[in-house]
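Coordinates from data.pdb are shown below (PDB, C-alpha atoms, pLDDT in the B column).
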ATOM      1  CA  MET A 236      96.895 141.895 -43.786  1.00 85.00           C
ATOM      2  CA  GLN A 237      98.791 138.925 -42.458  1.00 92.00           C
ATOM      3  CA  LYS A 238     102.119 138.539 -40.704  1.00 92.00           C
ATOM      4  CA  LYS A 239     105.026 136.417 -41.837  1.00 94.00           C
ATOM      5  CA  VAL A 240     108.249 135.555 -40.068  1.00 95.00           C
ATOM      6  CA  PHE A 241     111.281 135.235 -42.345  1.00 95.00           C
ATOM      7  CA  GLN A 242     114.555 133.749 -41.217  1.00 94.00           C
ATOM      8  CA  LEU A 243     117.634 134.788 -43.146  1.00 94.00           C
ATOM      9  CA  LEU A 244     121.140 133.399 -43.016  1.00 94.00           C
ATOM     10  CA  VAL A 245     123.445 136.224 -44.074  1.00 95.00           C
ATOM     11  CA  ASP A 246     127.153 136.861 -44.412  1.00 94.00           C
ATOM     12  CA  ASN A 247     128.385 138.765 -41.386  1.00 91.00           C
ATOM     13  CA  ASN A 248     129.571 141.798 -43.365  1.00 90.00           C
ATOM     14  CA  SER A 249     129.360 145.427 -42.371  1.00 91.00           C
ATOM     15  CA  GLY A 250     126.211 147.111 -43.643  1.00 91.00           C
ATOM     16  CA  VAL A 251     124.172 143.941 -44.190  1.00 92.00           C
ATOM     17  CA  LEU A 252     121.380 145.029 -41.816  1.00 92.00           C
ATOM     18  CA  SER A 253     121.398 148.453 -43.426  1.00 93.00           C
ATOM     19  CA  ARG A 254     120.918 146.895 -46.869  1.00 93.00           C
ATOM     20  CA  ILE A 255     118.088 144.699 -45.598  1.00 94.00           C
ATOM     21  CA  SER A 256     116.261 147.556 -43.873  1.00 93.00           C
ATOM     22  CA  GLY A 257     116.944 149.807 -46.870  1.00 92.00           C
ATOM     23  CA  LEU A 258     115.165 147.331 -49.129  1.00 92.00           C
ATOM     24  CA  PHE A 259     112.092 147.577 -46.901  1.00 92.00           C
ATOM     25  CA  SER A 260     112.129 151.366 -46.696  1.00 92.00           C
ATOM     26  CA  ARG A 261     112.715 151.912 -50.441  1.00 92.00           C
ATOM     27  CA  ARG A 262     109.681 149.822 -51.313  1.00 90.00           C
ATOM     28  CA  GLY A 263     107.464 151.085 -48.487  1.00 90.00           C
ATOM     29  CA  TYR A 264     107.288 147.745 -46.665  1.00 92.00           C
ATOM     30  CA  ASN A 265     107.004 147.637 -42.889  1.00 91.00           C
ATOM     31  CA  ILE A 266     109.254 145.733 -40.490  1.00 93.00           C
ATOM     32  CA  ASP A 267     107.290 144.764 -37.378  1.00 92.00           C
ATOM     33  CA  SER A 268     110.432 143.419 -35.692  1.00 93.00           C
ATOM     34  CA  ILE A 269     113.961 142.446 -36.626  1.00 93.00           C
ATOM     35  CA  THR A 270     116.516 140.506 -34.588  1.00 94.00           C
ATOM     36  CA  ALA A 271     120.001 139.371 -35.502  1.00 93.00           C
ATOM     37  CA  GLY A 272     122.692 137.277 -33.890  1.00 91.00           C
ATOM     38  CA  GLU A 273     125.633 134.984 -34.488  1.00 89.00           C
ATOM     39  CA  THR A 274     125.145 131.416 -35.641  1.00 90.00           C
ATOM     40  CA  THR A 275     127.189 128.268 -35.118  1.00 88.00           C
ATOM     41  CA  GLU A 276     128.770 128.883 -38.534  1.00 86.00           C
ATOM     42  CA  TYR A 277     131.639 131.348 -38.401  1.00 90.00           C
ATOM     43  CA  GLY A 278     131.033 134.433 -40.541  1.00 91.00           C
ATOM     44  CA  HIS A 279     127.251 134.085 -40.679  1.00 94.00           C
ATOM     45  CA  THR A 280     124.420 135.843 -38.871  1.00 94.00           C
ATOM     46  CA  ARG A 281     120.829 134.703 -38.429  1.00 94.00           C
ATOM     47  CA  VAL A 282     118.292 137.487 -38.978  1.00 95.00           C
ATOM     48  CA  THR A 283     114.625 137.066 -38.069  1.00 95.00           C
ATOM     49  CA  ILE A 284     112.223 139.570 -39.623  1.00 95.00           C
ATOM     50  CA  VAL A 285     108.520 139.882 -38.868  1.00 95.00           C
ATOM     51  CA  THR A 286     106.622 141.791 -41.534  1.00 95.00           C
ATOM     52  CA  SER A 287     103.018 142.188 -42.624  1.00 92.00           C
ATOM     53  CA  GLY A 288     101.087 142.683 -45.832  1.00 91.00           C
ATOM     54  CA  ASP A 289      98.827 140.893 -48.251  1.00 91.00           C
ATOM     55  CA  ASP A 290      99.943 137.732 -50.070  1.00 91.00           C
ATOM     56  CA  GLU A 291     101.337 139.669 -53.044  1.00 92.00           C
ATOM     57  CA  ILE A 292     103.409 142.035 -50.897  1.00 92.00           C
ATOM     58  CA  LEU A 293     104.770 139.210 -48.724  1.00 93.00           C
ATOM     59  CA  GLU A 294     105.749 137.214 -51.819  1.00 92.00           C
ATOM     60  CA  GLN A 295     107.465 140.296 -53.251  1.00 92.00           C
ATOM     61  CA  ILE A 296     109.368 140.869 -49.998  1.00 93.00           C
ATOM     62  CA  GLU A 297     110.695 137.314 -50.069  1.00 93.00           C
ATOM     63  CA  LYS A 298     111.778 137.625 -53.722  1.00 92.00           C
ATOM     64  CA  GLN A 299     113.496 140.972 -53.140  1.00 92.00           C
ATOM     65  CA  LEU A 300     115.330 139.699 -50.059  1.00 93.00           C
ATOM     66  CA  ALA A 301     116.579 136.667 -52.011  1.00 92.00           C
ATOM     67  CA  LYS A 302     118.232 139.022 -54.526  1.00 91.00           C
ATOM     68  CA  LEU A 303     120.481 140.673 -51.932  1.00 91.00           C
ATOM     69  CA  VAL A 304     124.116 139.571 -52.275  1.00 90.00           C
ATOM     70  CA  ASP A 305     124.785 138.946 -48.568  1.00 92.00           C
ATOM     71  CA  ILE A 306     121.798 136.637 -48.067  1.00 94.00           C
ATOM     72  CA  ARG A 307     122.757 132.948 -48.157  1.00 94.00           C
ATOM     73  CA  SER A 308     119.277 131.533 -47.504  1.00 93.00           C
ATOM     74  CA  ILE A 309     115.782 132.666 -46.678  1.00 94.00           C
ATOM     75  CA  LYS A 310     112.802 130.742 -45.397  1.00 91.00           C
ATOM     76  CA  GLU A 311     109.479 131.389 -43.802  1.00 93.00           C
ATOM     77  CA  LEU A 312     109.078 130.264 -40.197  1.00 93.00           C
ATOM     78  CA  LYS A 313     105.500 129.003 -40.126  1.00 91.00           C
ATOM     79  CA  PRO A 314     103.856 129.153 -36.680  1.00 90.00           C
ATOM     80  CA  ASP A 315     102.938 125.462 -36.493  1.00 91.00           C
ATOM     81  CA  GLU A 316     106.426 124.351 -37.611  1.00 91.00           C
ATOM     82  CA  SER A 317     108.517 126.760 -35.531  1.00 92.00           C
ATOM     83  CA  VAL A 318     109.225 128.050 -32.051  1.00 93.00           C
ATOM     84  CA  TYR A 319     109.098 131.823 -31.494  1.00 92.00           C
ATOM     85  CA  ARG A 320     110.269 133.672 -28.407  1.00 95.00           C
ATOM     86  CA  GLU A 321     110.566 137.295 -27.372  1.00 95.00           C
ATOM     87  CA  LEU A 322     112.299 138.941 -24.431  1.00 96.00           C
ATOM     88  CA  VAL A 323     110.822 141.956 -22.688  1.00 97.00           C
ATOM     89  CA  LEU A 324     112.194 144.121 -19.870  1.00 98.00           C
ATOM     90  CA  ILE A 325     109.582 146.203 -18.049  1.00 97.00           C
ATOM     91  CA  LYS A 326     110.293 148.920 -15.498  1.00 97.00           C
ATOM     92  CA  VAL A 327     107.305 149.348 -13.181  1.00 97.00           C
ATOM     93  CA  LYS A 328     106.864 152.018 -10.537  1.00 95.00           C
ATOM     94  CA  ALA A 329     106.291 150.114  -7.302  1.00 93.00           C
ATOM     95  CA  GLY A 330     106.060 151.423  -3.797  1.00 87.00           C
ATOM     96  CA  ALA A 331     106.212 149.064  -0.826  1.00 86.00           C
ATOM     97  CA  GLU A 332     102.412 148.594  -0.848  1.00 88.00           C
ATOM     98  CA  GLN A 333     102.328 147.508  -4.542  1.00 91.00           C
ATOM     99  CA  ARG A 334     105.339 145.216  -4.644  1.00 93.00           C
ATOM    100  CA  GLN A 335     103.701 142.064  -3.339  1.00 93.00           C
ATOM    101  CA  ALA A 336     100.935 142.209  -5.968  1.00 94.00           C
ATOM    102  CA  ILE A 337     103.446 142.792  -8.763  1.00 95.00           C
ATOM    103  CA  VAL A 338     105.627 139.926  -7.489  1.00 95.00           C
ATOM    104  CA  ALA A 339     102.563 137.631  -7.499  1.00 95.00           C
ATOM    105  CA  VAL A 340     101.772 138.439 -11.160  1.00 95.00           C
ATOM    106  CA  THR A 341     105.452 138.030 -12.030  1.00 96.00           C
ATOM    107  CA  ASP A 342     105.525 134.576 -10.416  1.00 96.00           C
ATOM    108  CA  ILE A 343     102.386 133.420 -12.261  1.00 96.00           C
ATOM    109  CA  PHE A 344     104.041 134.220 -15.607  1.00 97.00           C
ATOM    110  CA  ARG A 345     107.382 132.712 -14.542  1.00 96.00           C
ATOM    111  CA  ALA A 346     109.018 136.078 -15.080  1.00 97.00           C
ATOM    112  CA  LYS A 347     111.996 137.320 -13.059  1.00 97.00           C
ATOM    113  CA  ILE A 348     112.570 140.492 -11.132  1.00 97.00           C
ATOM    114  CA  VAL A 349     116.065 141.467 -12.215  1.00 97.00           C
ATOM    115  CA  ASP A 350     116.427 144.831 -10.445  1.00 96.00           C
ATOM    116  CA  VAL A 351     114.859 146.463  -7.417  1.00 94.00           C
ATOM    117  CA  SER A 352     115.127 150.047  -6.239  1.00 93.00           C
ATOM    118  CA  HIS A 353     113.135 152.096  -3.714  1.00 91.00           C
ATOM    119  CA  GLU A 354     110.732 153.333  -6.354  1.00 93.00           C
ATOM    120  CA  CYS A 355     110.600 150.671  -9.076  1.00 95.00           C
ATOM    121  CA  LEU A 356     111.195 147.092 -10.247  1.00 96.00           C
ATOM    122  CA  ILE A 357     112.584 145.786 -13.525  1.00 97.00           C
ATOM    123  CA  ILE A 358     110.955 142.564 -14.674  1.00 98.00           C
ATOM    124  CA  GLU A 359     112.296 140.181 -17.334  1.00 98.00           C
ATOM    125  CA  LEU A 360     109.956 137.871 -19.242  1.00 97.00           C
ATOM    126  CA  THR A 361     110.631 135.477 -22.101  1.00 97.00           C
ATOM    127  CA  GLY A 362     107.833 133.841 -24.073  1.00 95.00           C
ATOM    128  CA  ASN A 363     105.709 133.984 -27.183  1.00 92.00           C
ATOM    129  CA  GLN A 364     104.115 137.279 -28.168  1.00 91.00           C
ATOM    130  CA  SER A 365     100.718 136.457 -26.692  1.00 93.00           C
ATOM    131  CA  LYS A 366     102.290 135.670 -23.289  1.00 96.00           C
ATOM    132  CA  VAL A 367     104.260 138.940 -23.356  1.00 95.00           C
ATOM    133  CA  ASP A 368     101.159 140.917 -24.379  1.00 95.00           C
ATOM    134  CA  ALA A 369      99.042 139.266 -21.657  1.00 96.00           C
ATOM    135  CA  PHE A 370     101.659 140.064 -19.010  1.00 97.00           C
ATOM    136  CA  ILE A 371     101.876 143.701 -20.087  1.00 96.00           C
ATOM    137  CA  GLY A 372      98.070 143.849 -20.028  1.00 95.00           C
ATOM    138  CA  LEU A 373      97.992 142.697 -16.396  1.00 94.00           C
ATOM    139  CA  LEU A 374     100.560 145.326 -15.454  1.00 94.00           C
ATOM    140  CA  GLU A 375      98.510 148.181 -16.946  1.00 90.00           C
ATOM    141  CA  GLY A 376      96.955 148.805 -13.533  1.00 89.00           C
ATOM    142  CA  TYR A 377     100.404 149.896 -12.390  1.00 94.00           C
ATOM    143  CA  GLU A 378     102.567 152.697 -13.739  1.00 95.00           C
ATOM    144  CA  ILE A 379     104.814 151.218 -16.427  1.00 96.00           C
ATOM    145  CA  LEU A 380     107.799 153.545 -16.728  1.00 97.00           C
ATOM    146  CA  GLU A 381     109.651 151.853 -19.605  1.00 97.00           C
ATOM    147  CA  ILE A 382     109.404 148.794 -21.844  1.00 97.00           C
ATOM    148  CA  ALA A 383     112.137 147.252 -24.007  1.00 96.00           C
ATOM    149  CA  ARG A 384     111.075 144.399 -26.331  1.00 94.00           C
ATOM    150  CA  THR A 385     113.546 142.424 -28.418  1.00 92.00           C
ATOM    151  CA  GLY A 386     111.217 141.272 -31.163  1.00 89.00           C
ATOM    152  CA  ILE A 387     110.815 137.674 -32.213  1.00 91.00           C
ATOM    153  CA  ALA A 388     113.634 135.175 -32.414  1.00 92.00           C
ATOM    154  CA  GLY A 389     112.680 131.818 -33.853  1.00 90.00           C
ATOM    155  CA  LEU A 390     113.847 128.445 -35.103  1.00 89.00           C
ATOM    156  CA  SER A 391     112.084 125.768 -37.105  1.00 88.00           C
ATOM    157  CA  ARG A 392     111.250 122.522 -35.319  1.00 88.00           C
ATOM    158  CA  GLY A 393     113.225 119.355 -36.002  1.00 83.00           C
ATOM    159  CA  ILE A 394     116.388 118.846 -38.057  1.00 78.00           C
ATOM    160  CA  ASP A 395     114.868 118.774 -41.541  1.00 69.00           C
ATOM    161  CA  ASN A 396     114.623 122.545 -42.005  1.00 61.00           C
ATOM    162  CA  LEU A 397     118.001 123.805 -40.882  1.00 62.00           C
ATOM    163  CA  VAL A 398     119.200 127.121 -42.302  1.00 58.00           C
TER     164      VAL A 398
END
Encoded form using structure tokens:
Amino acid sequence: MQKKVFQLLVDNNSGVLSRISGLFSRRGYNIDSITAGETTEYGHTRVTIVTSGDDEILEQIEKQLAKLVDIRSIKELKPDESVYRELVLIKVKAGAEQRQAIVAVTDIFRAKIVDVSHECLIIELTGNQSKVDAFIGLLEGYEILEIARTGIAGLSRGIDNLV
């Protein structure tokens, strides 16, 4: 099993994400993450999908996606030719005696504490998946109350591969 990151440029019509996710569910394919957002072109949305499978399944996914009416373009974002980022918000239980240690780990990863209450902190971190996973791993010694991860957003490097 290998992972692939597909970037789609789609018409910003109602139900487009439903049709994309429906294609995956009808064929039994898995979506590891999906993100969507506006582009610089009016009426279009950029969708980034991370999926996994063997070569045959991944090729089939790409072909099936290309058949959908709302999809204007599709390309693979290869790791060495692209930049990937993910945002994570983590709520950690932190009494007064634990806060300084959590702040130290947060500073090392260039994360930000975005909310503080008497019993917990909310930390924001942006980075590649391995950085996010490493940060979460270091926080496992503390009580993590909630995690919200956005999934991967990515762009290809340079100006030759614009979608």
Run the PyMOL selection byres ((chain A and resi 344) around 12) against the file shown and list the residues it catches, as a VMD selection string. chain A and resid 337 to 343 345 to 348 358 to 363 365 to 371 373 to 374
Take the PyMOL selection byres ((chain A and resi 291-304) around 9), apply it to the structure above, and return the hits as a short mmCIF file (atom, residue, chain, number, x, y, z; two decimals) with C-alpha atoms, in the frame of the given file.
data_model
loop_
_atom_site.label_atom_id
_atom_site.label_comp_id
_atom_site.auth_asym_id
_atom_site.auth_seq_id
_atom_site.Cartn_x
_atom_site.Cartn_y
_atom_site.Cartn_z
CA GLN A 237 98.79 138.93 -42.46
CA LYS A 238 102.12 138.54 -40.70
CA LYS A 239 105.03 136.42 -41.84
CA PHE A 241 111.28 135.24 -42.34
CA LEU A 243 117.63 134.79 -43.15
CA VAL A 245 123.44 136.22 -44.07
CA ASP A 246 127.15 136.86 -44.41
CA ARG A 254 120.92 146.90 -46.87
CA ILE A 255 118.09 144.70 -45.60
CA LEU A 258 115.16 147.33 -49.13
CA PHE A 259 112.09 147.58 -46.90
CA TYR A 264 107.29 147.74 -46.66
CA THR A 286 106.62 141.79 -41.53
CA SER A 287 103.02 142.19 -42.62
CA GLY A 288 101.09 142.68 -45.83
CA ASP A 289 98.83 140.89 -48.25
CA ASP A 290 99.94 137.73 -50.07
CA ASP A 305 124.78 138.95 -48.57
CA ILE A 306 121.80 136.64 -48.07
CA ARG A 307 122.76 132.95 -48.16
CA SER A 308 119.28 131.53 -47.50
CA ILE A 309 115.78 132.67 -46.68
CA LYS A 310 112.80 130.74 -45.40
CA GLU A 311 109.48 131.39 -43.80
#
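We find CA of Ser256 in chain A and CA of Ser268 in chain A to be spaced 10.9 Å apart.
Here the question is which of A:Gly389, A:Ile284, A:Val323, A:Gly250 gets nearest to Asn265 in chain A using all atoms listed in the file, and that residue is A:Ile284.
Considering only C-alpha atoms, the residue among A:Asp350, A:Gln364, A:Tyr377, A:Thr275 positioned nearest to Gln333 in chain A is A:Tyr377.
With CA of Leu322 in chain A on one side and CA of Asn248 in chain A on the other, the separation reads 25.8 Å.
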List the residues matched by the PyMOL selection byres ((chain A and resi 270) around 8) in the displayed structure as a VMD selection string, ordered by chain and then by residue number. chain A and resid 268 to 269 271 to 272 282 to 284 385 to 388
Have range 366-388 of chain A completed to N, CA and C atoms, please, and pass it along as a short mmCIF file (atom, residue, chain, number, x, y, z; two decimals), in the frame of the given file.
data_model
loop_
_atom_site.label_atom_id
_atom_site.label_comp_id
_atom_site.auth_asym_id
_atom_site.auth_seq_id
_atom_site.Cartn_x
_atom_site.Cartn_y
_atom_site.Cartn_z
N LYS A 366 101.95 135.69 -24.72
CA LYS A 366 102.29 135.67 -23.29
C LYS A 366 102.82 137.04 -22.86
N VAL A 367 103.71 137.62 -23.67
CA VAL A 367 104.26 138.94 -23.36
C VAL A 367 103.15 139.98 -23.32
N ASP A 368 102.26 139.96 -24.33
CA ASP A 368 101.16 140.92 -24.38
C ASP A 368 100.22 140.76 -23.19
N ALA A 369 99.92 139.51 -22.81
CA ALA A 369 99.04 139.27 -21.66
C ALA A 369 99.67 139.79 -20.37
N PHE A 370 100.96 139.58 -20.21
CA PHE A 370 101.66 140.06 -19.01
C PHE A 370 101.62 141.59 -18.94
N ILE A 371 101.92 142.23 -20.05
CA ILE A 371 101.88 143.70 -20.09
C ILE A 371 100.47 144.19 -19.79
N GLY A 372 99.45 143.48 -20.31
CA GLY A 372 98.07 143.85 -20.03
C GLY A 372 97.74 143.80 -18.55
N LEU A 373 98.25 142.80 -17.83
CA LEU A 373 97.99 142.70 -16.40
C LEU A 373 98.73 143.77 -15.60
N LEU A 374 99.81 144.27 -16.16
CA LEU A 374 100.56 145.33 -15.45
C LEU A 374 100.02 146.73 -15.73
N GLU A 375 99.02 146.85 -16.60
CA GLU A 375 98.51 148.18 -16.95
C GLU A 375 97.86 148.90 -15.77
N GLY A 376 97.49 148.17 -14.73
CA GLY A 376 96.96 148.80 -13.53
C GLY A 376 98.02 149.51 -12.71
N TYR A 377 99.27 149.26 -13.07
CA TYR A 377 100.40 149.90 -12.39
C TYR A 377 101.04 150.88 -13.36
N GLU A 378 101.91 151.73 -12.86
CA GLU A 378 102.57 152.70 -13.74
C GLU A 378 103.80 152.06 -14.37
N ILE A 379 103.68 151.76 -15.67
CA ILE A 379 104.81 151.22 -16.43
C ILE A 379 105.66 152.41 -16.87
N LEU A 380 106.91 152.43 -16.42
CA LEU A 380 107.80 153.54 -16.73
C LEU A 380 108.51 153.37 -18.07
N GLU A 381 108.95 152.14 -18.35
CA GLU A 381 109.65 151.85 -19.60
C GLU A 381 109.43 150.40 -20.00
N ILE A 382 109.46 150.15 -21.32
CA ILE A 382 109.40 148.79 -21.84
C ILE A 382 110.45 148.68 -22.94
N ALA A 383 111.20 147.58 -22.93
CA ALA A 383 112.14 147.25 -24.01
C ALA A 383 111.81 145.84 -24.48
N ARG A 384 111.40 145.71 -25.75
CA ARG A 384 111.08 144.40 -26.33
C ARG A 384 112.09 144.07 -27.41
N THR A 385 112.52 142.82 -27.45
CA THR A 385 113.55 142.42 -28.42
C THR A 385 112.99 142.13 -29.80
N GLY A 386 111.74 141.79 -29.91
CA GLY A 386 111.22 141.27 -31.16
C GLY A 386 111.40 139.76 -31.17
N ILE A 387 110.84 139.14 -32.17
CA ILE A 387 110.82 137.67 -32.21
C ILE A 387 112.15 137.10 -32.65
N ALA A 388 112.57 136.06 -31.95
CA ALA A 388 113.63 135.18 -32.41
C ALA A 388 112.97 133.82 -32.59
#
